[in-house]
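Asks: What follows is final.pdb; its format and atoms are PDB, C-alpha atoms, pLDDT in the B column.
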```
ATOM      1  CA  ALA A 112       0.000   0.000   0.000  1.00 56.00           C
ATOM      2  CA  ARG A 113       1.092   3.526  -0.672  1.00 68.00           C
ATOM      3  CA  THR A 114       0.301   6.729   1.114  1.00 72.00           C
ATOM      4  CA  SER A 115       1.358  10.354   0.918  1.00 78.00           C
ATOM      5  CA  LEU A 116       1.416  13.498   2.984  1.00 83.00           C
ATOM      6  CA  LYS A 117      -1.943  15.127   3.542  1.00 87.00           C
ATOM      7  CA  ALA A 118      -0.149  18.463   3.027  1.00 90.00           C
ATOM      8  CA  PRO A 119       2.687  17.841   0.512  1.00 89.00           C
ATOM      9  CA  ALA A 120       3.959  21.402   1.009  1.00 91.00           C
ATOM     10  CA  LEU A 121       5.289  20.323   4.417  1.00 93.00           C
ATOM     11  CA  PHE A 122       7.924  18.127   2.751  1.00 93.00           C
ATOM     12  CA  VAL A 123      11.390  19.705   2.794  1.00 93.00           C
ATOM     13  CA  GLY A 124      13.624  16.873   1.634  1.00 92.00           C
ATOM     14  CA  SER A 125      15.303  13.616   2.566  1.00 92.00           C
ATOM     15  CA  VAL A 126      18.639  11.876   2.845  1.00 91.00           C
ATOM     16  CA  GLY A 127      19.716   8.232   2.833  1.00 88.00           C
ATOM     17  CA  SER A 128      18.525   5.119   1.018  1.00 82.00           C
ATOM     18  CA  LEU A 129      14.799   5.701   0.929  1.00 75.00           C
ATOM     19  CA  GLY A 130      12.978   4.074  -1.967  1.00 64.00           C
ATOM     20  CA  PRO A 131       9.860   2.130  -2.934  1.00 56.00           C
ATOM     21  CA  PRO A 132       9.124  -1.057  -1.042  1.00 49.00           C
ATOM     22  CA  ASN A 133      10.039  -4.404  -2.618  1.00 47.00           C
ATOM     23  CA  ALA A 134       7.474  -5.645  -5.115  1.00 41.00           C
ATOM     24  CA  VAL A 135       6.713  -8.989  -6.793  1.00 41.00           C
ATOM     25  CA  GLY A 136       5.989  -9.063 -10.529  1.00 37.00           C
ATOM     26  CA  THR A 137       5.733 -11.517 -13.424  1.00 35.00           C
ATOM     27  CA  VAL A 138       8.243 -12.090 -16.214  1.00 36.00           C
ATOM     28  CA  LEU A 139       6.886 -13.204 -19.586  1.00 33.00           C
ATOM     29  CA  GLY A 140       7.351 -16.926 -20.252  1.00 36.00           C
ATOM     30  CA  SER A 141       8.264 -17.771 -16.698  1.00 39.00           C
ATOM     31  CA  ALA A 142       6.771 -18.302 -13.330  1.00 42.00           C
ATOM     32  CA  LYS A 143       6.554 -15.538 -10.757  1.00 42.00           C
ATOM     33  CA  SER A 144       9.866 -13.847 -10.207  1.00 41.00           C
ATOM     34  CA  SER A 145      10.908 -11.124  -7.848  1.00 44.00           C
ATOM     35  CA  LEU A 146      11.239  -7.708  -9.490  1.00 43.00           C
ATOM     36  CA  SER A 147      12.621  -5.846  -6.533  1.00 42.00           C
ATOM     37  CA  SER A 148      14.262  -2.572  -5.876  1.00 46.00           C
ATOM     38  CA  PRO A 149      17.898  -2.929  -4.728  1.00 51.00           C
ATOM     39  CA  ALA A 150      18.070  -5.043  -1.606  1.00 57.00           C
ATOM     40  CA  LEU A 151      18.790  -2.087   0.668  1.00 63.00           C
ATOM     41  CA  PRO A 152      16.563  -1.597   3.684  1.00 67.00           C
ATOM     42  CA  ASP A 153      15.115   1.886   4.029  1.00 79.00           C
ATOM     43  CA  LYS A 154      17.470   3.931   6.156  1.00 88.00           C
ATOM     44  CA  GLY A 155      17.624   7.707   6.260  1.00 91.00           C
ATOM     45  CA  ARG A 156      15.799  10.872   7.222  1.00 93.00           C
ATOM     46  CA  ILE A 157      12.668  12.613   6.010  1.00 93.00           C
ATOM     47  CA  PHE A 158      12.521  16.370   6.696  1.00 95.00           C
ATOM     48  CA  LEU A 159       9.228  18.202   7.186  1.00 95.00           C
ATOM     49  CA  LYS A 160       8.500  21.824   8.103  1.00 94.00           C
ATOM     50  CA  HIS A 161       5.439  23.319   9.768  1.00 92.00           C
ATOM     51  CA  ASN A 162       4.985  26.825  11.188  1.00 90.00           C
ATOM     52  CA  GLY A 163       8.671  27.540  10.642  1.00 88.00           C
ATOM     53  CA  LEU A 164       9.888  24.546  12.685  1.00 91.00           C
ATOM     54  CA  HIS A 165      11.420  21.367  11.270  1.00 93.00           C
ATOM     55  CA  LEU A 166      10.523  17.798  12.106  1.00 94.00           C
ATOM     56  CA  VAL A 167      12.814  14.920  11.140  1.00 94.00           C
ATOM     57  CA  LEU A 168      11.606  11.334  10.761  1.00 93.00           C
ATOM     58  CA  GLU A 169      14.477   8.909  11.399  1.00 94.00           C
ATOM     59  CA  ILE A 170      13.910   5.798   9.257  1.00 92.00           C
ATOM     60  CA  ASP A 171      15.764   2.544   9.954  1.00 92.00           C
ATOM     61  CA  HIS A 172      14.091  -0.856   9.428  1.00 87.00           C
ATOM     62  CA  ASP A 173      17.100  -2.617  10.989  1.00 88.00           C
ATOM     63  CA  ASP A 174      16.811  -0.722  14.259  1.00 90.00           C
ATOM     64  CA  PRO A 175      15.018  -2.556  17.107  1.00 91.00           C
ATOM     65  CA  ILE A 176      12.503   0.285  17.353  1.00 92.00           C
ATOM     66  CA  GLY A 177      12.233   0.733  13.587  1.00 89.00           C
ATOM     67  CA  LYS A 178      11.419  -2.950  13.134  1.00 88.00           C
ATOM     68  CA  SER A 179       8.268  -2.514  15.210  1.00 88.00           C
ATOM     69  CA  SER A 180       7.036   0.377  13.039  1.00 85.00           C
ATOM     70  CA  LEU A 181       5.328  -0.196   9.686  1.00 82.00           C
ATOM     71  CA  GLY A 182       7.118   2.850   8.341  1.00 83.00           C
ATOM     72  CA  GLY A 183      10.427   1.935   9.934  1.00 88.00           C
ATOM     73  CA  ILE A 184      10.423   5.053  12.116  1.00 91.00           C
ATOM     74  CA  LYS A 185      12.945   4.664  14.922  1.00 93.00           C
ATOM     75  CA  ASP A 186      12.887   8.243  16.211  1.00 95.00           C
ATOM     76  CA  ILE A 187      11.445  11.697  15.595  1.00 95.00           C
ATOM     77  CA  THR A 188      13.496  14.850  16.061  1.00 92.00           C
ATOM     78  CA  VAL A 189      11.530  18.062  16.590  1.00 93.00           C
ATOM     79  CA  GLU A 190      13.079  21.508  16.299  1.00 90.00           C
ATOM     80  CA  ALA A 191      12.190  23.185  19.579  1.00 86.00           C
ATOM     81  CA  ALA A 192      13.918  26.576  19.514  1.00 83.00           C
ATOM     82  CA  LEU A 193      15.150  28.894  16.791  1.00 89.00           C
ATOM     83  CA  THR A 194      17.229  31.048  19.151  1.00 93.00           C
ATOM     84  CA  ALA A 195      19.242  30.550  22.340  1.00 92.00           C
ATOM     85  CA  ILE A 196      20.513  33.178  24.775  1.00 93.00           C
ATOM     86  CA  LEU A 197      24.106  32.899  26.020  1.00 92.00           C
ATOM     87  CA  ASP A 198      23.945  34.690  29.343  1.00 91.00           C
ATOM     88  CA  MET A 199      26.818  36.680  30.874  1.00 89.00           C
ATOM     89  CA  GLU A 200      24.954  37.723  33.997  1.00 81.00           C
ATOM     90  CA  ASP A 201      22.336  35.657  35.835  1.00 77.00           C
ATOM     91  CA  SER A 202      23.275  32.178  34.556  1.00 79.00           C
ATOM     92  CA  VAL A 203      26.990  32.411  35.382  1.00 81.00           C
ATOM     93  CA  ALA A 204      29.025  33.467  38.404  1.00 78.00           C
ATOM     94  CA  ALA A 205      31.701  35.773  36.991  1.00 82.00           C
ATOM     95  CA  VAL A 206      32.935  37.634  40.046  1.00 82.00           C
ATOM     96  CA  ASP A 207      36.288  38.921  38.767  1.00 85.00           C
ATOM     97  CA  ALA A 208      38.297  39.541  35.614  1.00 86.00           C
ATOM     98  CA  ASP A 209      39.602  35.956  35.452  1.00 89.00           C
ATOM     99  CA  ASP A 210      36.072  34.559  35.585  1.00 89.00           C
ATOM    100  CA  LYS A 211      34.874  36.995  32.939  1.00 90.00           C
ATOM    101  CA  ALA A 212      37.790  36.077  30.678  1.00 91.00           C
ATOM    102  CA  ARG A 213      36.562  32.467  30.745  1.00 92.00           C
ATOM    103  CA  VAL A 214      33.074  33.635  29.790  1.00 92.00           C
ATOM    104  CA  TYR A 215      34.520  35.625  26.880  1.00 94.00           C
ATOM    105  CA  ALA A 216      36.568  32.597  25.768  1.00 94.00           C
ATOM    106  CA  ASN A 217      33.418  30.462  25.691  1.00 93.00           C
ATOM    107  CA  ILE A 218      31.523  33.086  23.684  1.00 93.00           C
ATOM    108  CA  CYS A 219      34.405  33.247  21.226  1.00 94.00           C
ATOM    109  CA  GLY A 220      34.433  29.439  20.997  1.00 94.00           C
ATOM    110  CA  VAL A 221      30.736  29.417  20.164  1.00 93.00           C
ATOM    111  CA  PHE A 222      31.210  31.888  17.319  1.00 94.00           C
ATOM    112  CA  ARG A 223      34.237  29.977  16.043  1.00 93.00           C
ATOM    113  CA  GLY A 224      32.443  26.659  16.321  1.00 92.00           C
ATOM    114  CA  THR A 225      35.322  25.198  18.337  1.00 93.00           C
ATOM    115  CA  LEU A 226      33.857  25.128  21.858  1.00 93.00           C
ATOM    116  CA  GLU A 227      33.905  21.671  23.461  1.00 93.00           C
ATOM    117  CA  ALA A 228      32.618  20.438  26.826  1.00 92.00           C
ATOM    118  CA  PRO A 229      33.839  17.005  27.985  1.00 94.00           C
ATOM    119  CA  PHE A 230      31.763  15.174  30.574  1.00 94.00           C
ATOM    120  CA  VAL A 231      31.230  11.707  32.028  1.00 95.00           C
ATOM    121  CA  LYS A 232      27.867   9.945  32.101  1.00 94.00           C
ATOM    122  CA  ASP A 233      27.249   6.428  33.435  1.00 94.00           C
ATOM    123  CA  GLY A 234      30.992   5.862  33.535  1.00 94.00           C
ATOM    124  CA  LYS A 235      31.475   6.800  29.874  1.00 94.00           C
ATOM    125  CA  SER A 236      33.311   9.862  28.574  1.00 95.00           C
ATOM    126  CA  PHE A 237      31.623  12.172  26.088  1.00 95.00           C
ATOM    127  CA  VAL A 238      32.444  15.487  24.438  1.00 95.00           C
ATOM    128  CA  ARG A 239      29.659  17.927  23.624  1.00 93.00           C
ATOM    129  CA  ARG A 240      30.413  19.982  20.500  1.00 91.00           C
ATOM    130  CA  VAL A 241      28.714  22.519  18.287  1.00 90.00           C
ATOM    131  CA  GLN A 242      26.492  20.652  15.831  1.00 89.00           C
ATOM    132  CA  PRO A 243      27.307  21.055  12.118  1.00 90.00           C
ATOM    133  CA  ASP A 244      24.721  21.917   9.495  1.00 91.00           C
ATOM    134  CA  VAL A 245      22.582  19.055   8.174  1.00 91.00           C
ATOM    135  CA  TRP A 246      22.893  18.067   4.512  1.00 92.00           C
ATOM    136  CA  LEU A 247      19.900  16.780   2.571  1.00 93.00           C
ATOM    137  CA  ARG A 248      18.258  16.642  -0.857  1.00 92.00           C
ATOM    138  CA  ASP A 249      15.330  18.986  -1.285  1.00 91.00           C
ATOM    139  CA  ALA A 250      12.082  18.186  -3.086  1.00 89.00           C
ATOM    140  CA  ARG A 251      13.762  18.847  -6.466  1.00 90.00           C
ATOM    141  CA  GLY A 252      16.732  16.618  -5.648  1.00 88.00           C
ATOM    142  CA  ASP A 253      19.182  19.477  -5.145  1.00 92.00           C
ATOM    143  CA  ALA A 254      21.692  19.387  -2.305  1.00 92.00           C
ATOM    144  CA  THR A 255      20.976  21.868   0.484  1.00 93.00           C
ATOM    145  CA  THR A 256      21.564  22.331   4.200  1.00 92.00           C
ATOM    146  CA  LEU A 257      19.611  23.146   7.317  1.00 91.00           C
ATOM    147  CA  PRO A 258      21.195  24.899  10.309  1.00 90.00           C
ATOM    148  CA  GLY A 259      22.304  22.446  12.963  1.00 89.00           C
ATOM    149  CA  ARG A 260      22.181  25.049  15.713  1.00 90.00           C
ATOM    150  CA  ALA A 261      19.935  27.698  17.178  1.00 91.00           C
ATOM    151  CA  VAL A 262      20.843  31.326  16.482  1.00 94.00           C
ATOM    152  CA  CYS A 263      22.815  32.599  19.485  1.00 94.00           C
ATOM    153  CA  LEU A 264      21.970  35.880  21.196  1.00 95.00           C
ATOM    154  CA  ILE A 265      24.462  37.217  23.740  1.00 94.00           C
ATOM    155  CA  ARG A 266      23.006  38.704  26.935  1.00 93.00           C
ATOM    156  CA  THR A 267      25.379  41.176  28.555  1.00 92.00           C
ATOM    157  CA  VAL A 268      25.305  42.519  32.106  1.00 89.00           C
ATOM    158  CA  GLY A 269      23.290  45.592  33.062  1.00 84.00           C
ATOM    159  CA  HIS A 270      24.552  49.174  32.941  1.00 80.00           C
ATOM    160  CA  HIS A 271      24.700  49.412  36.713  1.00 82.00           C
ATOM    161  CA  MET A 272      27.704  47.047  36.969  1.00 86.00           C
ATOM    162  CA  PHE A 273      31.270  48.336  36.703  1.00 89.00           C
ATOM    163  CA  THR A 274      34.501  46.376  36.291  1.00 88.00           C
ATOM    164  CA  ASN A 275      38.203  46.934  36.927  1.00 88.00           C
ATOM    165  CA  MET A 276      39.321  44.583  34.133  1.00 89.00           C
ATOM    166  CA  VAL A 277      39.463  47.707  31.952  1.00 89.00           C
ATOM    167  CA  LEU A 278      40.324  51.136  33.356  1.00 90.00           C
ATOM    168  CA  PHE A 279      39.772  54.544  31.784  1.00 91.00           C
ATOM    169  CA  ASP A 280      41.927  57.276  33.311  1.00 93.00           C
ATOM    170  CA  GLY A 281      42.390  54.977  36.278  1.00 91.00           C
ATOM    171  CA  THR A 282      38.680  54.456  36.931  1.00 92.00           C
ATOM    172  CA  THR A 283      36.423  51.476  36.349  1.00 91.00           C
ATOM    173  CA  VAL A 284      34.145  51.299  33.320  1.00 91.00           C
ATOM    174  CA  PRO A 285      30.643  49.845  32.784  1.00 90.00           C
ATOM    175  CA  GLU A 286      31.029  46.105  32.416  1.00 91.00           C
ATOM    176  CA  GLY A 287      28.213  45.997  29.874  1.00 90.00           C
ATOM    177  CA  PHE A 288      30.256  48.218  27.541  1.00 92.00           C
ATOM    178  CA  VAL A 289      33.155  45.769  27.656  1.00 93.00           C
ATOM    179  CA  ASP A 290      30.737  42.890  27.070  1.00 93.00           C
ATOM    180  CA  CYS A 291      29.436  44.550  23.896  1.00 93.00           C
ATOM    181  CA  LEU A 292      32.934  45.255  22.586  1.00 94.00           C
ATOM    182  CA  VAL A 293      34.164  41.699  23.186  1.00 94.00           C
ATOM    183  CA  THR A 294      30.965  40.149  21.813  1.00 94.00           C
ATOM    184  CA  THR A 295      31.216  42.192  18.625  1.00 95.00           C
ATOM    185  CA  ALA A 296      34.897  41.348  18.223  1.00 94.00           C
ATOM    186  CA  ALA A 297      34.130  37.636  18.647  1.00 93.00           C
ATOM    187  CA  ALA A 298      31.216  37.845  16.210  1.00 94.00           C
ATOM    188  CA  LEU A 299      33.487  39.235  13.486  1.00 94.00           C
ATOM    189  CA  GLN A 300      34.568  35.651  12.839  1.00 92.00           C
ATOM    190  CA  ASP A 301      30.967  34.852  12.009  1.00 92.00           C
ATOM    191  CA  LEU A 302      30.431  37.975   9.884  1.00 93.00           C
ATOM    192  CA  ARG A 303      33.659  37.481   7.918  1.00 93.00           C
ATOM    193  CA  GLY A 304      33.005  33.800   7.265  1.00 91.00           C
ATOM    194  CA  THR A 305      36.201  32.632   8.970  1.00 92.00           C
ATOM    195  CA  ALA A 306      34.467  30.440  11.572  1.00 91.00           C
ATOM    196  CA  ASN A 307      33.704  26.723  11.299  1.00 91.00           C
ATOM    197  CA  VAL A 308      29.953  27.404  11.530  1.00 91.00           C
ATOM    198  CA  VAL A 309      27.518  30.210  10.740  1.00 92.00           C
ATOM    199  CA  ASN A 310      25.494  31.855  13.504  1.00 93.00           C
ATOM    200  CA  SER A 311      23.647  34.705  11.781  1.00 92.00           C
ATOM    201  CA  ARG A 312      22.211  33.999   8.341  1.00 89.00           C
ATOM    202  CA  MET A 313      21.550  37.761   8.003  1.00 92.00           C
ATOM    203  CA  GLY A 314      25.030  39.087   8.754  1.00 92.00           C
ATOM    204  CA  SER A 315      24.024  40.479  12.152  1.00 94.00           C
ATOM    205  CA  VAL A 316      25.249  40.433  15.744  1.00 95.00           C
ATOM    206  CA  TYR A 317      22.545  39.779  18.335  1.00 95.00           C
ATOM    207  CA  ILE A 318      23.071  41.407  21.746  1.00 94.00           C
ATOM    208  CA  VAL A 319      20.440  41.393  24.500  1.00 92.00           C
ATOM    209  CA  LYS A 320      20.740  44.330  26.913  1.00 88.00           C
ATOM    210  CA  PRO A 321      19.089  43.646  30.292  1.00 84.00           C
ATOM    211  CA  LYS A 322      17.685  45.981  32.911  1.00 74.00           C
ATOM    212  CA  MET A 323      16.981  48.870  30.543  1.00 72.00           C
ATOM    213  CA  ASP A 324      13.899  49.934  32.490  1.00 70.00           C
ATOM    214  CA  GLY A 325      14.114  52.872  34.888  1.00 64.00           C
ATOM    215  CA  PRO A 326      12.303  53.811  38.108  1.00 66.00           C
ATOM    216  CA  ARG A 327       9.374  55.189  36.103  1.00 64.00           C
TER     217      ARG A 327
END
```
Represent the supplied structure as structure tokens.

Replies:
Amino acid sequence: ARTSLKAPALFVGSVGSLGPPNAVGTVLGSAKSSLSSPALPDKGRIFLKHNGLHLVLEIDHDDPIGKSSLGGIKDITVEAALTAILDMEDSVAAVDADDKARVYANICGVFRGTLEAPFVKDGKSFVRRVQPDVWLRDARGDATTLPGRAVCLIRTVGHHMFTNMVLFDGTTVPEGFVDCLVTTAAALQDLRGTANVVNSRMGSVYIVKPKMDGPR
């Protein structure tokens, strides 16, 4: 049996060995013979898009979960967020210049695409890295990519905080000003195309300024 999408416009593309199911036909002058597609089990991804968010069907008939599904679906990946905020204030404890330098190094690593975070889980070592873009064939069969990451917005500290990591005429300066300067300098790798990954598809730098409200 064959079926199709109720809304074909949701189809974005696919990747892998995904073809028609095996069929049985008849050859003239002989008994029934198998006229089959290449003996490759369906294995790959189907990409859909709805309301601006992607959904990926992971197909693998050899997988223990895929074997129990008529369509061979072993997993479904749903795009949950288009943006992510990298926080310099409330989510981190940067109490001095050394701490803040580590925060800046991480921000720079994100823009470069080189940031790594090793960790151990259930006795096994893992390394969390920036995800690369995803390659696929679109509905016309042309090669294309989808972003493998959310767009990063950098949240600096508020204007009320001052720091001694940079001095102007011997006095401290607003820490948020330094945050903006370092963030922009780090983002130049993204804007100039010298990084391993792309953050902004529009050639922009995204900075979130907190605590802009006043007493009134």

Asks: Would you mind listing, for every residue of region 161-255 of chain A within 8 Å of region 301-312 of chain A, the two atoms forming the shortest contact and the distance between them in Å to one decimal, using all atoms listed in the file, sorted by chain and ascending residue number, as JSON lines?

Replies:
```
{"residue": "A:Phe222", "atom": "CA", "partner": "A:Asp301", "partner_atom": "CA", "distance": 6.1}
{"residue": "A:Arg223", "atom": "CA", "partner": "A:Ala306", "partner_atom": "CA", "distance": 4.5}
{"residue": "A:Gly224", "atom": "CA", "partner": "A:Asn307", "partner_atom": "CA", "distance": 5.2}
{"residue": "A:Thr225", "atom": "CA", "partner": "A:Asn307", "partner_atom": "CA", "distance": 7.4}
{"residue": "A:Pro243", "atom": "CA", "partner": "A:Val308", "partner_atom": "CA", "distance": 6.9}
{"residue": "A:Asp244", "atom": "CA", "partner": "A:Val308", "partner_atom": "CA", "distance": 7.8}
```

Asks: Keeping only C-alpha atoms, write those residues as a PDB file, in the frame of the given file.

Replies:
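Contents of out-v4.pdb, freshly written:
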```pdb
ATOM      1  CA  PHE A 222      31.210  31.888  17.319  1.00 94.00           C
ATOM      2  CA  ARG A 223      34.237  29.977  16.043  1.00 93.00           C
ATOM      3  CA  GLY A 224      32.443  26.659  16.321  1.00 92.00           C
ATOM      4  CA  THR A 225      35.322  25.198  18.337  1.00 93.00           C
ATOM      5  CA  PRO A 243      27.307  21.055  12.118  1.00 90.00           C
ATOM      6  CA  ASP A 244      24.721  21.917   9.495  1.00 91.00           C
TER       7      ASP A 244
END
```

Asks: Might you pull out every residue within 10 Å of Asn275 (chain A), with all atoms listed in the file counted and same-chain residues fewer than 3 positions away left off, and present them as a ChimeraX atom specification?

Replies: /A:207-208,278-279,281-286

Asks: Could those selected residues go to a file with C-alpha atoms, as a PDB file, keeping the file's coordinate frame?

Replies:
```pdb
ATOM      1  CA  ASP A 207      36.288  38.921  38.767  1.00 85.00           C
ATOM      2  CA  ALA A 208      38.297  39.541  35.614  1.00 86.00           C
ATOM      3  CA  LEU A 278      40.324  51.136  33.356  1.00 90.00           C
ATOM      4  CA  PHE A 279      39.772  54.544  31.784  1.00 91.00           C
ATOM      5  CA  GLY A 281      42.390  54.977  36.278  1.00 91.00           C
ATOM      6  CA  THR A 282      38.680  54.456  36.931  1.00 92.00           C
ATOM      7  CA  THR A 283      36.423  51.476  36.349  1.00 91.00           C
ATOM      8  CA  VAL A 284      34.145  51.299  33.320  1.00 91.00           C
ATOM      9  CA  PRO A 285      30.643  49.845  32.784  1.00 90.00           C
ATOM     10  CA  GLU A 286      31.029  46.105  32.416  1.00 91.00           C
TER      11      GLU A 286
END
```

Asks: Applying the PyMOL selection byres ((chain A and resi 271) around 10) to the file I just gave you, which residues come out? Please list them as a list in words.

Replies: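 Here the PyMOL selection byres ((chain A and resi 271) around 10) matches Val268, Gly269, His270, Met272, Phe273, Pro285, Glu286, Gly287, Lys322 and Met323 of chain A.
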
Asks: Residues of the last selection are to be written out with C-alpha atoms, as a PDB file, keeping the file's coordinate frame.

Replies:
```pdb
ATOM      1  CA  VAL A 268      25.305  42.519  32.106  1.00 89.00           C
ATOM      2  CA  GLY A 269      23.290  45.592  33.062  1.00 84.00           C
ATOM      3  CA  HIS A 270      24.552  49.174  32.941  1.00 80.00           C
ATOM      4  CA  MET A 272      27.704  47.047  36.969  1.00 86.00           C
ATOM      5  CA  PHE A 273      31.270  48.336  36.703  1.00 89.00           C
ATOM      6  CA  PRO A 285      30.643  49.845  32.784  1.00 90.00           C
ATOM      7  CA  GLU A 286      31.029  46.105  32.416  1.00 91.00           C
ATOM      8  CA  GLY A 287      28.213  45.997  29.874  1.00 90.00           C
ATOM      9  CA  LYS A 322      17.685  45.981  32.911  1.00 74.00           C
ATOM     10  CA  MET A 323      16.981  48.870  30.543  1.00 72.00           C
TER      11      MET A 323
END
```

Asks: Would you mind reading off the distance between CA of Ala120 (chain A) and CA of Val167 (chain A), one decimal, in Å?

Replies: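 CA of Ala120 (chain A) sits 14.9 Å away from CA of Val167 (chain A).
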
Asks: Running the PyMOL selection byres ((chain A and resi 187) around 8) on this model by hand, what would come out? Give it as a PyMOL selection string.

Replies: chain A and resi 166-169+184-186+188-189

Asks: Name the closest residue to Phe158 (chain A) among the candidates A:Leu257, A:Ser115, A:Lys232, A:Thr194; distances are taken between atoms, counting all atoms listed in the file.

Replies: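 So, comparing all the options, the nearest one is A:Leu257.
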
Asks: For the atom pair CA of Met313 (chain A) and CA of Ala212 (chain A), what is the interatomic distance in Å to one decimal place?

Replies: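 Separating CA of Met313 (chain A) from CA of Ala212 (chain A) is a distance of 27.9 Å.
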
Asks: Write out as an NGL selection string the residues lying within 12 Å of Val221 (chain A), counting only C-alpha atoms and excluding same-chain residues fewer than 5 positions away.

Replies: :A and (195-197 or 214-216 or 226-228 or 240-242 or 260-265 or 294 or 297-298 or 300-301 or 306-310)

Asks: Expressed in Å to a single decimal, how great is the separation between CA of Lys235 (chain A) and CA of Asn217 (chain A)?

Replies: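 Atom-to-atom, CA of Lys235 (chain A) and CA of Asn217 (chain A) are spaced 24.1 Å apart.
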
Asks: Let me know the centre plus edge lengths, in Å and rounded to one decimal, of a box with edges along x, y and z that contains all listed atoms of region 168-173 of chain A and is padded by 4 Å on every side, as lines of an AutoDock Vina configuration file.

Replies:
```
center_x = 14.4
center_y = 4.4
center_z = 10.3
size_x = 13.5
size_y = 22.0
size_z = 10.1
```
